[in-house]
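Student: Sharing a structure below in structure tokens format, with a few things to ask.
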Amino acid sequence: MAHSPTTIPFEDLPGVDPAWSRFIHVEDADGIRRSFHFLDSMASGTEAARLTIVCVHGNPTWSYLWRNLLALAPSDIRVIALDQLGMGYSERLEHPRILAQRIDDLTRFVGALNIDTPIVSIAHDWGGPISLGWVENEIRCDPNRIEGVILLNTAVHQPEAFKGPGIIRLARARALLSPVTEKTNIFVRGTTALSFKRIPKGVQKAFAAPYSLSSRRASVQDFVADIPFEPDHPSRSSLDAVAQGIELLLNTPVLLCWGPKDPVFSDLYLRDLIERLPHAQVHRYEGASHLVSEDAPDLFPDVLSWVADLGREQKLNNVNLNDSQLVDLSAQMRVSASKFPGKAALVVQGKSSDSITVTWSTLNVRTAEFSAGLAAAGVKSGDRIALLIPPGPELIALIYAAWNIGACIVLADSGLGLRGMIRALKGAHPDHIIGIPKSLPIMRALQIPGIRLTTSKLSTIRGGAVPYKDTAHSGDSLGAVVFTSGSTGPAKGVRYTRSKIHETVKVLTRQYNLTENDVIVAAFAPWVVFGPALGIASVLPEMDSSVPSSLTYDHLVQAVNRARGTLLWASPAALTNVVRTASKSDMHNVDVSSLRLVLSAGAPVPRSLLLQVAELFPTASIRTPYGMTEALPLTDISLDEIMSSESDHGVPVGMPVSGVEIGIAPLSDPTEFSSQPDVVGEIVVRALHMRSGYDHLHFTTKSADLFPEWHRTGDVGHLDSDGSLWVEGRISHLVRTSIGVVTPVPVEQRVEIIDGVSQAACVGVGPDGAQVVVVVVVCEKNWSELELHDAVRNVAGVPVAAVLVTKSLPMDIRHNAKLNREKISQWASKKLSGAQ
């Protein structure tokens with residue numbers, strides 16, 4: 001005899017409207033009437049619905065999982081969240097239900113509701129295969145019935161190369177299954193304990209409320225037992241059928257929302273779903289765990305925005321009209337190898353005995369060998385190869401070999417640190433990984449099924465010196481995923497198609513008049529990657545490429561002199577150390593007159609530093625391009641132009657380079673667009689060489705593409721009357737006071753002219769909209785506290801609530817040149833409150 005549903009104490013469950021609660025009786029496959037409980041956002045009437053979202057929970061959650069989606073749903077979208085039989089407040093069962101029966105239960109439940117609108121399904125955990133089984137049946141009957149499919153941390157397949165999740169395998173152990181799932185509430189309570197952030201106690205109690213008695217937890221045990229790890233499991237064939245039937249969704253919009261810290265459904269399962277559903281739009285909520293909807297407050301608003309866009313053209317990437325054309329990124333390398341076979345293509349400068357020189361001929365042959373070897377080892381067009389190799393001949397040859405066979409390179413900067421690199425690479429889902437021996441911990445952490453190879457064994461994929469065929473591939477195929485610095489949040493993977501890479505090469509060539517006679521001294525690693533595509537030789541000075549400030553004056557001038565370098569690209573941190581170490585050097589008579597151009601970007605470059613660099617390299621034009629990982633260069637300015645600018649309203653970064661458009665989204669109304677002078681707002685840009693999107697961050701890409709084909713940079717600034725751009729800070733660093741918004745850079749510039757102040761940071765302290773301005777300075781002069789406060793307040797140009805002195809200011813990891821204003825603000829807040 002089946003148990004009857006209990007009365008639901010909704011007044012004790014936070015976030016649930018009692019009016020949502022409904023019951024329906026549905027006859028199951030055995031002819032037995034079953035009582036389902038469900039939540040319905042339109043329980044009082046469904047006439048206004050244009051679309052219905054059907055929500056399917058997993059184990060041991062229930063419809064409560066979807067409460068926030070119901071609460072946020074607009075008036076024309078109906079949200080229905082059922083409790084599966086034996087779960088939540090639906091009828092308890094006499095016998096266990098297996099996967100095929102639960103798919104049938106869901107099919108009958110939805111059918112009984114007589115839904116007459118298009119449907120979007122959303123499912124989590126073990127609700128994923130149940131929901132997909134039902135969706136696939138619906139599509140077979142009516143291809144237009146299902147409008148979209150959304151999956152949260154779930155799976156349809158256990159990769160044979162890996163064991164199932166340890167937590168689930170432990171819970172399924174015969175000795176533990178009943179004690180942890182039915183006899184006690186360990187499994188129920190443990191599910192909310194998996195959350196990355198602490199779930200409020202009231203919400204934890206609500207999740208556990210339907211499972212207060214062991215008699216109400218029988219299906220919790222049955223669900224765990226029904227996971228088909230074994231090939232002869234009763235539900236194995238059903239799960240295999242769902243996995244095979246997923247190809248029916250290839251014409252249906254799919255969204256995958258994921259918590260990457262999930263110890264149950266890890267990124268391993270997300271990778272499997274992406275391979276099965278290559279058209280799916282993906283968003284990983286960094287820091288979220290198994291209950292991703294609890295850990296990521298933006299998830300349900302994002303889901304509803306995605307649903308609202310269904311039926312419209314959802315343009316993810318900025319694709320130009322040439323993307324369909326074939327692009328051969330190695331073509332210029334082969335030209336150089338033919339014209340200058342014995343000429344140096346790459347020089348890695350070390351001590352005299354350690355320097356490495358690779359000719360164009362050698363580089364071309366090595367690239368061809370790696371191309372053939374990678375293909376023979378199983379690397380296919382479209383595969384992703386993570387390369388954890390310092391800049392040098394092996395890295396360059398492997399990059400161009402990957403491009404030759406149509407693969408995508410994944411490059412994570414070692415400046416992100418070990419944890420940051422693992423997090424970034426896990427999110428990128430590489431199919432193969434090649435790295436130096438020190439990268440072995442990362443290789444093990446990624447658990448990828450493809451090639452895992454250290455550089456000491458690269459000879460195993462050398463395929464002979466036969467040129468690889470068909471090196472040109474579609475321009476819209478992915479060529480690279482590179483990562484942002486992480487200075488304003490977790491590092492994001494930036495996607496570049498082959499055409500975007502090709503356009504970047506064209507912009508650099510055009511903007512800096514590059515010719516085959518140029519030699520780039522690359523103290524900034526990305527330039528080394530572009531060297532062969534540009535057809536110019538590259539020189540790596542002796543330094544630690546992951547620590548820009550390790551470059552010394554002596555090592556730099558040695559590289560310039562020996563290679564007769566014509567261009568230098570270095571970060572501000574590198575140039576700062578070059579200037580610092582120049583005073584101690586005996587090499588000022590070394591000939592560096594070949595240097596015609598010095599470029600520095602990646603962070604604001606102080607005028608004083610540029611002037612010092614100009615003294616060291618008097619034959620060179622000193623320029624600072626403005627750009628970011630998403631596009632570089634966007635604008636460009638010379639030292640002479642910087643010195644002639646008189647405004648103190650930000651950092652001048654120059655006019656747009658050819659092919660780039662710059663606009664401003666005003667702070668007063670960021671949904672508008674302006675090109676008028678002196679309007680302060682977020683800088684937005686459009687260019688053919690701009691990134692294609694963010695990797696597995698669908699909603700981040702969408703947010704950055706507020707205007708079609710325009711990228712929101714996150715920087716704040718203005719255009720002057722000549723159309724030149726000025727940068728005033730980051731959106732995230734604005735100080736929002738009760739009398740208006742303060743941009744930090746102009747304040748910092750004014751304060752840094754005070755005698756003895758070597759560095760300043762303008763930050764906000766207090767609640768948003770009522771913040772006060774606090775200036776934190778590094779001061780080398782013994783000012784009295786009152787005198788320093790008066791001096792800062794006299795020049796700041798805005799009301800300053802407090803002035804604090806510190807020995808140093810925290811900077812970003814990669815460039816060692818960007819102020820970490822979030823950290824400074826936290827420190828200032830604690831300091832002013834007396835907590836520090």
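In the structure tokens, chains take the letters A, B, ... in the order shown, each chain's residues start at 1, and ligands count up from 1 in the order shown.
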Write out as a VMD selection string the residues lying within 6 Å of A:Ser571, counting only C-alpha atoms and excluding same-chain residues fewer than 3 positions away.
Tutor: chain A and resid 574 600 to 601
Student: Limited to N, CA, C and O atoms, could you put the picked residues into a file as a PDB file, in the first residue's frame?
Tutor:
```pdb
ATOM      1  N   ALA A 574      58.900  44.974 -16.365  1.00  0.00           N
ATOM      2  CA  ALA A 574      60.213  44.649 -16.913  1.00  0.00           C
ATOM      3  C   ALA A 574      61.035  45.919 -17.125  1.00  0.00           C
ATOM      4  O   ALA A 574      62.220  45.982 -16.773  1.00  0.00           O
ATOM      5  N   SER A 600      55.495  49.155 -24.853  1.00  0.00           N
ATOM      6  CA  SER A 600      55.185  48.645 -23.520  1.00  0.00           C
ATOM      7  C   SER A 600      53.686  48.742 -23.299  1.00  0.00           C
ATOM      8  O   SER A 600      53.067  49.781 -23.541  1.00  0.00           O
ATOM      9  N   ALA A 601      53.098  47.633 -22.848  1.00  0.00           N
ATOM     10  CA  ALA A 601      51.650  47.577 -22.645  1.00  0.00           C
ATOM     11  C   ALA A 601      51.356  46.532 -21.585  1.00  0.00           C
ATOM     12  O   ALA A 601      52.245  45.869 -21.068  1.00  0.00           O
TER      13      ALA A 601
END
```
Student: Could you name the residues that touch stretch 517-520 of chain A at 10 Å or less, counting only C-alpha atoms, but leaving out those on the same chain fewer than 6 positions away, as a list in words?
Tutor: Ala344, Ala345, Leu346, Trp527, Val528, Gly531, Leu534, Gly535, Ile536, Ala537, Ser538, Val539, Leu540, Val560, Ala563, Arg564, Gly565, Thr566, Leu567, Leu568, Trp569, Ser594, Leu595, Arg596, Leu597 and Val598 of chain A
Student: Kindly indicate which residue among A:Arg102, A:Lys163, A:Lys197, A:His279 lies nearest to A:Ser235, using only C-alpha atoms for the distances.
Tutor: A:Arg102
Student: Could you pull out the strand (DSSP E or B) residues of stretch 170-369 of chain A from DSSP and send them as a ChimeraX atom specification?
Tutor: /A:254-258,281-284,326-327,344-348,356-359
Student: Calculated over only C-alpha atoms, which of the candidates A:Ala445, A:Val254, A:Val180, A:Val507 has the smallest distance to A:Ile146?
Tutor: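 Distance minimum relative to A:Ile146 lands on A:Val254.
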Student: Go through A:Leu786, A:Ile642, A:Leu632, A:Ala407 and flag the residue nearest A:Val657, using only C-alpha atoms for the distances.
Tutor: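 With only C-alpha atoms as the atom set, the closest residue is A:Leu632.
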Student: Running DSSP on the backbone, which parts of stretch 291-464 of chain A land in helix (DSSP H, G or I), as a VMD selection string?
Tutor: chain A and resid 292 to 295 299 to 309 331 to 339 360 to 376 393 to 404 414 to 428 437 to 446 455 to 461
Student: Residues at most 10 Å from A:Ala173, counting only C-alpha atoms, excluding those fewer than 5 positions away in the same chain, as a PyMOL selection string?
Tutor: chain A and resi 168+178+225
Student: Counting only C-alpha atoms, what is within 9 Å of A:Tyr285, bar same-chain residues fewer than 4 positions away, as a count of residues only?
Tutor: 11
Student: Could you pull the residues within 12 Å of A:Asn114, counting only C-alpha atoms, minus those fewer than 5 positions along the same chain, as a list in words?
Tutor: Ile24, Thr46, Thr52, Thr107, Arg108, Phe109 and Ile119 of chain A
Student: The selected residues should be written to file as a compact mmCIF listing (two decimals), in the first residue's frame (atoms: C-alpha atoms).
Tutor:
```
# COMPACT_ATOMS: atom_id res chain seq x y z
CA ILE A 24 -1.99 15.68 -9.42
CA THR A 46 -1.99 29.66 -17.07
CA THR A 52 6.66 26.44 -19.91
CA THR A 107 6.46 11.54 -19.51
CA ARG A 108 3.09 10.68 -17.94
CA PHE A 109 3.28 13.57 -15.46
CA ILE A 119 8.59 23.57 -23.36
```
